[in-house]
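Accompanying notes for the structure given below.
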Amino acid sequence: MFRHLSLIFRNSLRNRRRSLLTIVSIAVSLCLLGLLVAIYRAFFFAEATPDQALRLVTRHRVSLANPLPASYMQQIKQVPGVKEAMIFQWFGGTYKDNRDPANMFARFGVEAEKFGIVNPEYKLSDSEREAFIKEPTACIVGRKTAARHNMKLGDRITIIGDIYPVTLEFVLRGIYSGPADNESLIFHYKYLNESLTGEMRDTIGTFFIRMERTDDANTISKTIDDMFRNSPAQTKTETEQAFGLSFLSFLGDVKLILLTICAAVTFTILLVSGNTMAMSVRERVREVGVLKTLGFTNGAVLWLLVGEAIIIALIGGALGVLLASGLCAWMRSLPSMFADLSQLRVTAPVAAICLLVAAMIGLVSSFIPAWGASRRPIIDALKYSD
Amino acid sequence: MSNVVIQANNLTKEYVRAEFRVTALDDANLEVHQGEFIALMGPSGSGKSTLLHLMAAMDRPSSGNISVFGQNLQALSDAEIARWRNTHIGFVFQSFNLIPVLTAMENVELPLKLTKLNKTQRREQAKRALELVGLGDRLGHTPRQLSGGQEQRVAIARAIVTDPDVILADEPTGNLDAASARDVLTLLGRLNKEFNKTLIMVTHDPGAAKTASKIRYLEKGKLLPEGQKPAEY
């Protein structure tokens with residue numbers, strides 16, 4: 001069968017403009033598909049890092065918008081298997097101007113002295129860490145954000161609260177480097193709490209818990225949630241990865257949205273490709289008669305026509321994968337608006353899925369016209385005029 | 001009977017077009033011997049090409065039977081017929097029918113891709129066939145870079161490259177100027193005389209038919225008895 005590969009390649013280049021347009025349309029569609037599959041993988045299949053796997057997040061059972069009393073901390077810390085528990089409070093607010101996406105980076109209030117234990121993957125020099133812990137108005141920022149805004153140690157950073165009716169003035173004391181997040185601004189929760197009055201004071205959104213062993217995740221989660229089962233603010237404890245996904249689910253059923261778009265993209269390109277392949281085969285009917293006269297069987301002719309479509313689709317698919325890789329790299333460099341995109345990559349399995357889809361598009365779009373042409377009697381095929 | 005190559009008995013081919021039944025070939029009987037060069041002549045629609053197509057197993061008869069080298073063609077499946085055709089039949093079309101994206105060499109090599117020969121052997125054999133038809137210096141030319149006569153010679157090289165027993169030509173000079181037609185007929189004559197190939201050629205041209213050793217006429221689907229011809233001839 002592979003003896004005919006050279007003929008298949010030549011035939012693919014027969015109508016260069018049409019082949020090129022088909023390749024481009026498949027490439028664009030497969031790029032979109034590759035990107036969506038990469039997003040899907042990054043959100044739902046990315047493996048937790050060892051540090052992430054050792055962390056649990058406790059929040060209000062109803063939703064993130066419902067606060068928990070900060071006093072839960074002491075009880076949580078007593079649960080067997082918990083190495084450390086830390087307040088982790090999202091702040092929001094505005095840095096300079098919210099209309100500029102570059103200013104959209106996350107801001108969290110933490111307990112600075114525990115931060116290195118609960119989140120050890122955030123790398124800081126000892127002097128920076130010490131300065132951060134010592135000074136109540138100190139903050140640290142990720143290296144990407146620091147680079148984007150040309151921030152230097154000692155700079156003053158003002159964040160105007162929106163949900164929290166306070167304006168916080170920070171002094172930059174450290175620039176951290178993390179394996180995933182390199183964009184957040186981390187400050188002392190105490191500084192925020194002391195600025196608040198009324199109901200907002202002494203309430204928090206989440207506790208981040210560092211476990212001794214990953215195997216204890218289920219037991220610890222259950223123990224914590226059971227502990228507050230009969231209190232006015234019930235808790236929900238889950239792994240950091242599951243928490244990230246639940247946060248994402250605020251956008252809707254992301255899985256369903258992604259899969260629906262993937263299916264729509266594939267189906268649309270299948271129709272476009274099917275039309276092109278049908279035209280291509282129709283132009284070739286007379287030649288099919290010639291090939292069969294020379295001794296090519298129906299199967300060999302079918303393989304020639306389908307193989308040509310598959311090759312065109314695979315070239316388009318490969319280009320699409322390359323484009324999607326480039327887009328993923330670009331998106332990783334963007335500020336994280338609502339999700340961690342650091343895992344967004346066209347991995348080998350994602351590329352394989354895209355190429356498989358491309359091959360299937362080639363096969364399915366060409367099979368029916370190719371089957372019809374290959375079964376056409378020689379005399380009919382020789383008399384055929386387009 | 002030992003040197004009978006093609007034996008057609010009571011061969012009939014009918015086509016059904018809408019509610020009409022058209023008899024393209026009516027009860028034809030023909031015996032072709034090894035090394036014969038037969039020209040089939042007759043007016044348009046007389047059934048010449050239909051008879052040729054049946055001999056090449058490109059079509060199946062409505063009734064009657066045809067055997068080539070003792071092989072009853074009706075008994076073969078489509079795939080077997082395709083393989084049989086590749087081995088035993090060389091076919092030359094009026095309109096050359098070369099594959100436009102392939103060079104002369106690649107066009108001629110095409111039928112050999114269905115054999116067990118390796119690439120080097122295929123290339124050597126295709127080159128020899130092209131040299132035989134006088135196109136040894138046009139191996140890398142695509143059909144667009146060749147004249148009509150040269151294209152037809154490439155088509156003849158493609159028809160003989162598998163060393164078939166029978167060469168069937170459907171108006172091989174129909175699309176050529178006089179000089180090119182003469183070259184092609186000379187070539188076909190050589191294949192018959194020097195290589196003892198059995199040749200059956202459909203033609204409208206009485207001059208071309210004279211190249212053949214025997215002329216058989218058809219009229220209104222009937223193969224006329226040897227020596228008999230339609231009134232207009």
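Labels used: A, B, ... for chains in the order of the structure tokens, numbers from 1 for residues in each chain, and numbers from 1 for ligands as shown.
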
>> According to DSSP computed on the backbone, where in segment 196-354 of chain A is there helix (DSSP H, G or I)? Give the residues as number ranges by chain.
In response: A: 198-200, 214-227, 240-251, 254-283, 285-294, 298-332, 348-354

Which residues of chain B come within 9 Å of chain A, and for each one, what is the closest pair of atoms and their distance in Å to one decimal, counting only C-alpha atoms, sorted by chain and residue number, as a Markdown table?
```
| residue | atom | partner | partner_atom | distance |
| --- | --- | --- | --- | --- |
| B:His53 | CA | A:Ile379 | CA | 8.0 |
| B:Ala56 | CA | A:Thr293 | CA | 8.2 |
| B:Ala57 | CA | A:Thr293 | CA | 8.8 |
| B:Met58 | CA | A:Ile378 | CA | 5.9 |
| B:Asp59 | CA | A:Ile379 | CA | 6.9 |
| B:Asp78 | CA | A:Thr297 | CA | 7.5 |
| B:Ala79 | CA | A:Thr297 | CA | 5.5 |
| B:Glu80 | CA | A:Thr297 | CA | 8.5 |
| B:Ile81 | CA | A:Gly295 | CA | 8.0 |
| B:Ala82 | CA | A:Gly295 | CA | 4.4 |
| B:Arg83 | CA | A:Gly295 | CA | 5.5 |
| B:Trp84 | CA | A:Gly295 | CA | 7.5 |
| B:Arg85 | CA | A:Gly295 | CA | 5.5 |
| B:Asn86 | CA | A:Gly295 | CA | 4.3 |
| B:Thr87 | CA | A:Gly295 | CA | 8.0 |
| B:Ile89 | CA | A:Leu294 | CA | 8.3 |
| B:Gly90 | CA | A:Leu294 | CA | 7.6 |
| B:Phe91 | CA | A:Thr293 | CA | 7.3 |
| B:Asn97 | CA | A:Val290 | CA | 6.7 |
| B:Leu98 | CA | A:Val290 | CA | 8.3 |
| B:Ile99 | CA | A:Glu287 | CA | 7.3 |
| B:Pro100 | CA | A:Arg14 | CA | 8.5 |
| B:Val101 | CA | A:Arg10 | CA | 6.2 |
| B:Leu102 | CA | A:Arg10 | CA | 7.4 |
| B:Glu106 | CA | A:Leu7 | CA | 9.0 |
| B:Leu110 | CA | A:Leu294 | CA | 8.0 |
| B:Pro111 | CA | A:Leu294 | CA | 5.7 |
| B:Lys113 | CA | A:Arg3 | CA | 6.6 |
| B:Leu114 | CA | A:Phe296 | CA | 7.2 |
| B:Arg158 | CA | A:Leu294 | CA | 8.7 |
| B:Ala159 | CA | A:Leu294 | CA | 8.1 |
```

Store the residues of this selection in a file with N, CA and C atoms, as a PDB file, in the first residue's frame.
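again37.pdb, freshly written:
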```
ATOM      1  N   HIS B  53     -13.584  -3.096 -24.996  1.00  0.00           N
ATOM      2  CA  HIS B  53     -13.688  -3.031 -23.533  1.00  0.00           C
ATOM      3  C   HIS B  53     -13.992  -4.404 -22.932  1.00  0.00           C
ATOM      4  N   ALA B  56     -10.883  -6.380 -22.815  1.00  0.00           N
ATOM      5  CA  ALA B  56      -9.981  -5.927 -21.751  1.00  0.00           C
ATOM      6  C   ALA B  56     -10.572  -6.175 -20.374  1.00  0.00           C
ATOM      7  N   ALA B  57     -11.753  -6.774 -20.352  1.00  0.00           N
ATOM      8  CA  ALA B  57     -12.470  -7.005 -19.078  1.00  0.00           C
ATOM      9  C   ALA B  57     -12.712  -5.702 -18.331  1.00  0.00           C
ATOM     10  N   MET B  58     -12.850  -4.616 -19.086  1.00  0.00           N
ATOM     11  CA  MET B  58     -13.192  -3.338 -18.459  1.00  0.00           C
ATOM     12  C   MET B  58     -14.704  -3.263 -18.250  1.00  0.00           C
ATOM     13  N   ASP B  59     -15.406  -4.179 -18.885  1.00  0.00           N
ATOM     14  CA  ASP B  59     -16.858  -4.229 -18.784  1.00  0.00           C
ATOM     15  C   ASP B  59     -17.250  -5.707 -18.839  1.00  0.00           C
ATOM     16  N   ASP B  78     -13.976  -8.920  -9.294  1.00  0.00           N
ATOM     17  CA  ASP B  78     -13.452  -7.612  -9.712  1.00  0.00           C
ATOM     18  C   ASP B  78     -11.967  -7.479  -9.388  1.00  0.00           C
ATOM     19  N   ALA B  79     -11.579  -7.913  -8.191  1.00  0.00           N
ATOM     20  CA  ALA B  79     -10.171  -7.787  -7.791  1.00  0.00           C
ATOM     21  C   ALA B  79      -9.290  -8.696  -8.643  1.00  0.00           C
ATOM     22  N   GLU B  80      -9.788  -9.906  -8.922  1.00  0.00           N
ATOM     23  CA  GLU B  80      -9.001 -10.843  -9.760  1.00  0.00           C
ATOM     24  C   GLU B  80      -8.866 -10.299 -11.173  1.00  0.00           C
ATOM     25  N   ILE B  81      -9.933  -9.715 -11.665  1.00  0.00           N
ATOM     26  CA  ILE B  81      -9.901  -9.145 -13.012  1.00  0.00           C
ATOM     27  C   ILE B  81      -8.889  -8.006 -13.073  1.00  0.00           C
ATOM     28  N   ALA B  82      -8.854  -7.181 -12.022  1.00  0.00           N
ATOM     29  CA  ALA B  82      -7.902  -6.057 -11.996  1.00  0.00           C
ATOM     30  C   ALA B  82      -6.480  -6.590 -12.082  1.00  0.00           C
ATOM     31  N   ARG B  83      -6.177  -7.613 -11.308  1.00  0.00           N
ATOM     32  CA  ARG B  83      -4.823  -8.197 -11.328  1.00  0.00           C
ATOM     33  C   ARG B  83      -4.535  -8.848 -12.683  1.00  0.00           C
ATOM     34  N   TRP B  84      -5.548  -9.524 -13.211  1.00  0.00           N
ATOM     35  CA  TRP B  84      -5.391 -10.193 -14.503  1.00  0.00           C
ATOM     36  C   TRP B  84      -5.102  -9.147 -15.591  1.00  0.00           C
ATOM     37  N   ARG B  85      -5.820  -8.046 -15.532  1.00  0.00           N
ATOM     38  CA  ARG B  85      -5.647  -6.994 -16.533  1.00  0.00           C
ATOM     39  C   ARG B  85      -4.245  -6.401 -16.449  1.00  0.00           C
ATOM     40  N   ASN B  86      -3.775  -6.224 -15.236  1.00  0.00           N
ATOM     41  CA  ASN B  86      -2.442  -5.667 -15.033  1.00  0.00           C
ATOM     42  C   ASN B  86      -1.370  -6.572 -15.655  1.00  0.00           C
ATOM     43  N   THR B  87      -1.588  -7.864 -15.589  1.00  0.00           N
ATOM     44  CA  THR B  87      -0.586  -8.821 -16.076  1.00  0.00           C
ATOM     45  C   THR B  87      -0.699  -9.058 -17.582  1.00  0.00           C
ATOM     46  N   ILE B  89      -2.942  -7.440 -20.058  1.00  0.00           N
ATOM     47  CA  ILE B  89      -3.480  -6.469 -21.024  1.00  0.00           C
ATOM     48  C   ILE B  89      -2.747  -5.134 -20.940  1.00  0.00           C
ATOM     49  N   GLY B  90      -2.402  -4.605 -22.110  1.00  0.00           N
ATOM     50  CA  GLY B  90      -1.920  -3.235 -22.188  1.00  0.00           C
ATOM     51  C   GLY B  90      -2.961  -2.435 -22.950  1.00  0.00           C
ATOM     52  N   PHE B  91      -3.379  -1.316 -22.408  1.00  0.00           N
ATOM     53  CA  PHE B  91      -4.467  -0.573 -23.048  1.00  0.00           C
ATOM     54  C   PHE B  91      -3.999   0.827 -23.422  1.00  0.00           C
ATOM     55  N   ASN B  97      -4.619   9.809 -21.656  1.00  0.00           N
ATOM     56  CA  ASN B  97      -4.939   9.559 -20.241  1.00  0.00           C
ATOM     57  C   ASN B  97      -3.722   9.335 -19.367  1.00  0.00           C
ATOM     58  N   LEU B  98      -2.731  10.191 -19.538  1.00  0.00           N
ATOM     59  CA  LEU B  98      -1.584  10.133 -18.620  1.00  0.00           C
ATOM     60  C   LEU B  98      -1.955  10.898 -17.349  1.00  0.00           C
ATOM     61  N   ILE B  99      -1.295  10.552 -16.263  1.00  0.00           N
ATOM     62  CA  ILE B  99      -1.559  11.266 -15.007  1.00  0.00           C
ATOM     63  C   ILE B  99      -0.747  12.567 -15.033  1.00  0.00           C
ATOM     64  N   PRO B 100      -1.423  13.703 -15.011  1.00  0.00           N
ATOM     65  CA  PRO B 100      -0.717  14.973 -15.267  1.00  0.00           C
ATOM     66  C   PRO B 100       0.351  15.339 -14.237  1.00  0.00           C
ATOM     67  N   VAL B 101       0.203  14.856 -13.005  1.00  0.00           N
ATOM     68  CA  VAL B 101       1.181  15.258 -11.980  1.00  0.00           C
ATOM     69  C   VAL B 101       2.430  14.378 -11.981  1.00  0.00           C
ATOM     70  N   LEU B 102       2.418  13.337 -12.814  1.00  0.00           N
ATOM     71  CA  LEU B 102       3.565  12.427 -12.835  1.00  0.00           C
ATOM     72  C   LEU B 102       4.408  12.662 -14.084  1.00  0.00           C
ATOM     73  N   GLU B 106       7.380   8.192 -14.335  1.00  0.00           N
ATOM     74  CA  GLU B 106       6.462   7.767 -13.264  1.00  0.00           C
ATOM     75  C   GLU B 106       5.147   7.236 -13.833  1.00  0.00           C
ATOM     76  N   LEU B 110       3.796   3.295 -13.275  1.00  0.00           N
ATOM     77  CA  LEU B 110       2.555   3.109 -12.497  1.00  0.00           C
ATOM     78  C   LEU B 110       2.031   1.663 -12.482  1.00  0.00           C
ATOM     79  N   PRO B 111       1.871   1.003 -13.652  1.00  0.00           N
ATOM     80  CA  PRO B 111       1.348  -0.378 -13.598  1.00  0.00           C
ATOM     81  C   PRO B 111       2.293  -1.333 -12.881  1.00  0.00           C
ATOM     82  N   LYS B 113       3.827  -0.730 -10.208  1.00  0.00           N
ATOM     83  CA  LYS B 113       3.673  -0.610  -8.752  1.00  0.00           C
ATOM     84  C   LYS B 113       2.745  -1.680  -8.206  1.00  0.00           C
ATOM     85  N   LEU B 114       2.009  -2.318  -9.108  1.00  0.00           N
ATOM     86  CA  LEU B 114       1.107  -3.380  -8.672  1.00  0.00           C
ATOM     87  C   LEU B 114       1.792  -4.741  -8.743  1.00  0.00           C
ATOM     88  N   ARG B 158       3.573   2.822 -21.325  1.00  0.00           N
ATOM     89  CA  ARG B 158       2.864   2.397 -20.112  1.00  0.00           C
ATOM     90  C   ARG B 158       2.095   1.093 -20.372  1.00  0.00           C
ATOM     91  N   ALA B 159       1.570   0.967 -21.632  1.00  0.00           N
ATOM     92  CA  ALA B 159       0.786  -0.237 -21.952  1.00  0.00           C
ATOM     93  C   ALA B 159       1.674  -1.467 -22.105  1.00  0.00           C
TER      94      ALA B 159
END
```

>> I want to know what sits within 7 Å of Pro69 of chain A, based on only C-alpha atoms, with residues of the same chain fewer than 2 positions away left out; could you give that as a list of chain:residue names?
In response: A:Pro67, A:Ser71, A:Tyr72, A:Asp202, A:Thr203, A:Ile204

Now that the selection is made, can you save its residues with N, CA, C and O atoms as a PDB file, in the first residue's frame?
```pdb
ATOM      1  N   PRO A  67     -18.297  34.125  54.417  1.00  0.00           N
ATOM      2  CA  PRO A  67     -17.060  34.076  55.212  1.00  0.00           C
ATOM      3  C   PRO A  67     -17.119  33.059  56.346  1.00  0.00           C
ATOM      4  O   PRO A  67     -18.198  32.656  56.779  1.00  0.00           O
ATOM      5  N   SER A  71     -11.600  32.434  63.851  1.00  0.00           N
ATOM      6  CA  SER A  71     -11.313  31.641  65.054  1.00  0.00           C
ATOM      7  C   SER A  71     -11.263  30.133  64.779  1.00  0.00           C
ATOM      8  O   SER A  71     -10.794  29.360  65.606  1.00  0.00           O
ATOM      9  N   TYR A  72     -11.771  29.685  63.624  1.00  0.00           N
ATOM     10  CA  TYR A  72     -11.717  28.254  63.274  1.00  0.00           C
ATOM     11  C   TYR A  72     -10.269  27.750  63.221  1.00  0.00           C
ATOM     12  O   TYR A  72     -10.005  26.562  63.321  1.00  0.00           O
ATOM     13  N   ASP A 202     -12.294  39.923  61.394  1.00  0.00           N
ATOM     14  CA  ASP A 202     -12.124  38.559  61.926  1.00  0.00           C
ATOM     15  C   ASP A 202     -12.896  37.489  61.144  1.00  0.00           C
ATOM     16  O   ASP A 202     -13.243  36.447  61.687  1.00  0.00           O
ATOM     17  N   THR A 203     -13.216  37.778  59.929  1.00  0.00           N
ATOM     18  CA  THR A 203     -13.807  36.727  59.073  1.00  0.00           C
ATOM     19  C   THR A 203     -12.883  36.548  57.871  1.00  0.00           C
ATOM     20  O   THR A 203     -12.241  37.495  57.414  1.00  0.00           O
ATOM     21  N   ILE A 204     -12.868  35.324  57.389  1.00  0.00           N
ATOM     22  CA  ILE A 204     -11.959  35.053  56.253  1.00  0.00           C
ATOM     23  C   ILE A 204     -12.654  34.167  55.208  1.00  0.00           C
ATOM     24  O   ILE A 204     -13.695  33.564  55.489  1.00  0.00           O
TER      25      ILE A 204
END
```

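Proximity of A:Ala70, A:Ala138, A:Ala358, A:Ala106 to Leu185 of chain A, computed with only C-alpha atoms, is greatest for A:Ala106.
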
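We find atom CA of Ala181 of chain B and atom CA of Gly35 of chain B to be spaced 21.9 Å apart.
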
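If only C-alpha atoms are the atoms counted, then among A:Ala263, A:Val285, A:Met227, A:Leu344 the closest residue to Gly326 of chain A is A:Leu344.
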
>> Show me, as a ChimeraX atom specification, the residues that have an atom within 9 Å of Ile200 of chain B when counting only C-alpha atoms, minus same-chain residues fewer than 4 positions from it.
In response: /B:32,36-40,52,166-170,212

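Of note, atom CA of Pro225 of chain B and atom CA of Asn29 of chain B are spaced 9.1 Å apart.
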